[in-house]
$ cat entry-v7.cif   # mmCIF, C-alpha atoms
data_my_file
loop_
_atom_site.label_atom_id
_atom_site.label_comp_id
_atom_site.auth_asym_id
_atom_site.auth_seq_id
_atom_site.Cartn_x
_atom_site.Cartn_y
_atom_site.Cartn_z
CA MET F 45 81.68 75.04 132.63
CA ASP F 46 85.43 75.02 133.32
CA ASN F 47 86.17 75.88 129.70
CA PHE F 48 83.84 78.89 129.87
CA VAL F 49 85.58 80.11 133.04
CA VAL F 50 88.99 79.64 131.42
CA ASP F 51 87.83 81.62 128.37
CA GLU F 52 86.67 84.40 130.71
CA LEU F 53 90.07 84.37 132.43
CA TYR F 54 91.82 84.80 129.08
CA LYS F 55 89.41 87.51 127.95
CA ASN F 56 89.23 89.51 131.19
CA LEU F 57 92.49 88.98 133.08
CA PHE F 58 95.10 87.41 130.85
CA SER F 59 94.76 89.94 128.02
CA SER F 60 97.24 92.69 127.20
CA THR F 61 94.56 95.35 127.75
CA SER F 62 94.04 94.03 131.27
CA ALA F 63 97.74 94.44 132.06
CA LYS F 64 97.58 98.22 131.67
CA GLU F 65 94.45 98.47 133.83
CA LEU F 66 95.82 96.12 136.49
CA ALA F 67 99.13 98.02 136.65
CA ALA F 68 97.24 101.29 137.14
CA MET F 69 95.05 99.74 139.86
CA LEU F 70 98.01 98.26 141.72
CA ASN F 71 99.96 101.52 141.54
CA GLU F 72 96.96 103.45 142.86
CA TYR F 73 96.63 100.97 145.71
CA SER F 74 100.35 101.30 146.43
CA GLU F 75 100.07 105.10 146.52
CA ASN F 76 97.15 104.90 148.95
CA MET F 77 99.12 102.55 151.19
CA SER F 78 102.13 104.87 150.97
CA SER F 79 100.17 107.87 152.18
CA GLU F 80 98.94 105.85 155.18
CA ALA F 81 102.47 104.62 155.79
CA THR F 82 103.82 108.16 155.68
CA GLU F 83 101.77 109.00 158.75
CA GLU F 84 102.96 105.86 160.56
CA ILE F 85 106.57 106.58 159.65
CA LYS F 86 106.21 110.19 160.78
CA PHE F 87 104.89 109.01 164.16
CA ALA F 88 107.72 106.45 164.51
CA ARG F 89 110.30 109.16 163.73
CA GLN F 90 108.79 111.41 166.41
CA GLU F 91 108.89 108.54 168.87
CA TYR F 92 112.54 107.81 167.99
CA ARG F 93 113.54 111.48 168.45
CA ALA F 94 111.68 111.61 171.77
CA VAL F 95 113.59 108.57 173.07
CA LYS F 96 116.91 110.08 171.98
CA ALA F 97 116.01 113.34 173.72
CA GLU F 98 115.04 111.45 176.87
CA ILE F 99 118.41 109.65 176.83
CA GLY F 100 120.15 113.03 176.51
CA ARG F 101 118.20 114.46 179.46
CA LEU F 102 119.02 111.41 181.58
CA LEU F 103 122.73 111.71 180.76
CA LYS F 104 122.73 115.39 181.77
CA PHE F 105 120.86 114.58 184.96
CA VAL F 106 123.34 111.81 185.87
CA ALA F 107 126.32 114.01 184.98
CA GLY F 108 124.94 116.67 187.30
CA GLY F 109 124.87 114.13 190.12
CA GLY F 110 121.10 114.16 190.44
CA ALA F 111 120.41 110.45 190.04
CA ASN F 112 120.99 107.18 191.81
CA GLU F 113 123.47 105.16 189.72
CA ASN F 114 121.44 101.91 189.78
CA ASP F 115 118.19 103.66 188.87
CA ALA F 116 119.94 105.58 186.09
CA ARG F 117 121.43 102.37 184.64
CA ALA F 118 118.07 100.61 184.64
CA THR F 119 116.36 103.59 183.03
CA MET F 120 119.15 103.93 180.46
CA ARG F 121 118.91 100.23 179.61
CA ASP F 122 115.16 100.56 179.07
CA LEU F 123 115.58 103.69 176.96
CA ARG F 124 118.27 102.11 174.78
CA GLN F 125 116.09 99.04 174.27
CA LYS F 126 113.17 101.27 173.29
CA LYS F 127 115.47 103.20 170.94
CA ARG F 128 116.65 99.98 169.24
CA TYR F 129 113.08 98.72 168.90
CA THR F 130 111.84 102.02 167.47
CA LYS F 131 114.75 102.25 165.05
CA LYS F 132 114.14 98.67 163.87
CA ARG F 133 110.41 99.30 163.48
CA LEU F 134 111.08 102.48 161.51
CA LYS F 135 113.46 100.62 159.17
CA GLU F 136 110.94 97.82 158.64
CA MET F 137 108.16 100.29 157.84
CA LYS F 138 110.33 102.09 155.30
CA GLU F 139 111.25 98.80 153.62
CA GLN F 140 107.66 97.60 153.61
CA TYR F 141 106.22 100.69 151.99
CA GLU F 142 109.03 101.69 149.65
CA THR F 143 108.07 99.96 146.44
CA GLU F 144 108.87 100.65 142.86
CA PRO F 145 106.02 101.36 140.46
CA ILE F 146 104.44 98.33 138.86
CA SER F 147 104.84 98.41 135.09
CA GLU F 148 102.59 96.97 132.44
CA ASP F 149 105.49 94.68 131.46
CA MET F 150 105.66 93.28 135.00
CA ILE F 151 101.94 92.46 134.85
CA LEU F 152 102.32 90.94 131.37
CA ASP F 153 105.14 88.72 132.66
CA LEU F 154 103.03 87.60 135.62
CA LEU F 155 100.00 86.94 133.43
CA GLY F 156 102.21 85.07 130.97
CA GLU F 157 103.38 82.77 133.76
CA SER F 158 99.77 82.26 134.83
CA LYS F 159 98.83 81.33 131.26
CA LYS F 160 101.66 78.78 131.16
CA LEU F 161 100.46 77.28 134.43
CA LEU F 162 96.89 77.14 133.18
CA LYS F 163 98.01 75.39 129.97
CA ALA F 164 100.01 72.92 132.05
CA HIS F 165 96.89 72.26 134.15
CA ASP F 166 94.84 71.72 130.95
CA LYS F 167 96.87 68.55 130.45
CA SER F 168 96.85 67.50 134.11
CA ASN F 169 94.05 66.34 136.31
CA GLU F 170 90.79 68.21 136.72
CA THR F 171 91.29 68.85 140.46
CA GLU F 172 94.53 70.77 139.89
CA ARG F 173 92.93 72.77 137.11
CA ARG F 174 90.01 73.77 139.31
CA GLU F 175 92.35 74.73 142.16
CA PHE F 176 94.25 76.97 139.76
CA ILE F 177 91.01 78.57 138.54
CA ARG F 178 89.93 79.15 142.16
CA SER F 179 93.05 81.24 142.72
CA TYR F 180 91.59 83.82 140.29
CA VAL F 181 87.84 83.25 140.42
CA LYS F 182 85.76 84.18 143.42
CA ARG F 183 82.41 82.87 142.22
CA VAL F 184 80.55 81.62 139.14
CA ILE F 185 76.86 82.48 138.93
CA VAL F 186 74.71 80.53 136.50
CA TYR F 187 71.56 82.27 135.28
CA LYS F 188 68.98 80.82 132.87
CA ASP F 189 70.32 82.87 129.97
CA ARG F 190 73.96 83.55 130.90
CA ILE F 191 76.90 82.76 133.15
CA LYS F 192 78.67 85.41 135.20
CA VAL F 193 82.21 84.98 136.48
CA ILE F 194 83.27 87.10 139.45
CA PHE F 195 87.04 87.43 139.75
CA LYS F 196 89.05 87.90 142.92
CA ILE F 197 90.81 90.77 141.17
CA ASN F 198 88.27 93.52 140.61
CA LYS F 199 89.38 94.89 137.27
CA PRO F 200 87.46 98.04 136.27
CA ASP F 201 84.87 97.46 133.59
CA PRO F 202 85.54 99.88 130.68
CA GLN F 203 81.80 100.01 129.89
CA GLU F 204 81.01 101.19 133.43
CA GLU F 205 83.69 103.91 133.27
CA SER F 206 82.16 105.46 130.17
CA LEU F 207 78.77 105.93 131.85
#
$ encode --input "entry-v7.cif" --output "structure tokens"
Amino acid sequence: MDNFVVDELYKNLFSSTSAKELAAMLNEYSENMSSEATEEIKFARQEYRAVKAEIGRLLKFVAGGGANENDARATMRDLRQKKRYTKKRLKEMKEQYETEPISEDMILDLLGESKKLLKAHDKSNETERREFIRSYVKRVIVYKDRIKVIFKINKPDPQEESL
């Protein structure tokens, strides 16, 4: 059974044709995440500008003599803390969602490393080999006339696309 699953891994995930499809899938996913992130980043920028504007209004109010000094200091401290937090959050969001496109070569390198690990596990104990296989395989279904391997990575089936 394990050998059949390993053969399916080589045929369906560790092949060079899979690398192109996986790269396209991952880039599409990244683009979808980026569009969602753009909205979050836009909101964080608005929040940051609003805090800066509020600080400016407070400074004008204090300069005009319209505020109690202790209250103004406490409010200013809170606003500056909020500004730092918002700026940090904005930076983190930008870093999180700014990714370079995933190339077919990157996928081939990753799959090559996975192949090496699988070959190393071929020579090691059965438990390690099965753990490695579980990192890629979600489920194996055994029918009377065939075996179906369901992968954790849902690679598009070229036969289904042509329908």
$ residues_around --input "entry-v7.cif" --residues "Leu154 of chain F" --least-positions-apart "3" --cutoff "12 Å" --atoms "all atoms listed in the file" --output "PyMOL selection string"
chain F and resi 57-60+62-63+66-67+146-151+157-161
$ write_last_selection --input "entry-v7.cif" --atoms "C-alpha atoms" --output "compact mmCIF listing (two decimals), keeping the file's coordinate frame"
# COMPACT_ATOMS: atom_id res chain seq x y z
CA LEU F 57 92.49 88.98 133.08
CA PHE F 58 95.10 87.41 130.85
CA SER F 59 94.76 89.94 128.02
CA SER F 60 97.24 92.69 127.20
CA SER F 62 94.04 94.03 131.27
CA ALA F 63 97.74 94.44 132.06
CA LEU F 66 95.82 96.12 136.49
CA ALA F 67 99.13 98.02 136.65
CA ILE F 146 104.44 98.33 138.86
CA SER F 147 104.84 98.41 135.09
CA GLU F 148 102.59 96.97 132.44
CA ASP F 149 105.49 94.68 131.46
CA MET F 150 105.66 93.28 135.00
CA ILE F 151 101.94 92.46 134.85
CA GLU F 157 103.38 82.77 133.76
CA SER F 158 99.77 82.26 134.83
CA LYS F 159 98.83 81.33 131.26
CA LYS F 160 101.66 78.78 131.16
CA LEU F 161 100.46 77.28 134.43
$ atom_distance --input "entry-v7.cif" --atom1 "atom CA of Phe176 of chain F" --atom2 "atom CA of Val50 of chain F"
10.2 Å
$ resolve_selection --input "entry-v7.cif" --expression "the PyMOL selection byres ((chain F and resi 98-102) around 8)" --output "PDB file with C-alpha atoms, in the frame of the given file"
ATOM      1  CA  ALA F  94     111.680 111.610 171.770  1.00  0.00           C
ATOM      2  CA  VAL F  95     113.590 108.570 173.070  1.00  0.00           C
ATOM      3  CA  LYS F  96     116.910 110.080 171.980  1.00  0.00           C
ATOM      4  CA  ALA F  97     116.010 113.340 173.720  1.00  0.00           C
ATOM      5  CA  LEU F 103     122.730 111.710 180.760  1.00  0.00           C
ATOM      6  CA  LYS F 104     122.730 115.390 181.770  1.00  0.00           C
ATOM      7  CA  PHE F 105     120.860 114.580 184.960  1.00  0.00           C
ATOM      8  CA  VAL F 106     123.340 111.810 185.870  1.00  0.00           C
ATOM      9  CA  ALA F 116     119.940 105.580 186.090  1.00  0.00           C
ATOM     10  CA  MET F 120     119.150 103.930 180.460  1.00  0.00           C
ATOM     11  CA  LEU F 123     115.580 103.690 176.960  1.00  0.00           C
ATOM     12  CA  ARG F 124     118.270 102.110 174.780  1.00  0.00           C
TER      13      ARG F 124
END
$ residues_around --input "entry-v7.cif" --residues "segment 82-90 of chain F" --least-positions-apart "4" --cutoff "8 Å" --atoms "only C-alpha atoms" --output "PyMOL selection string"
chain F and resi 78+94+130+133-134+137-138
$ atom_distance --input "entry-v7.cif" --atom1 "atom CA of Asp153 of chain F" --atom2 "atom CA of Thr61 of chain F"
13.4 Å
$ residues_around --input "entry-v7.cif" --residues "Ile191 of chain F" --least-positions-apart "5" --cutoff "10 Å" --atoms "all atoms listed in the file" --output "list in words"
Met45, Phe48, Val49, Val184, Ile185 and Val186 of chain F
$ atom_distance --input "entry-v7.cif" --atom1 "atom CA of Gln140 of chain F" --atom2 "atom CA of Asn71 of chain F"
14.8 Å
$ closest_residue --input "entry-v7.cif" --among "F:Glu172, F:Asp51, F:Asp189, F:Glu91" --to "Arg128 of chain F" --atoms "all atoms listed in the file"
F:Glu91
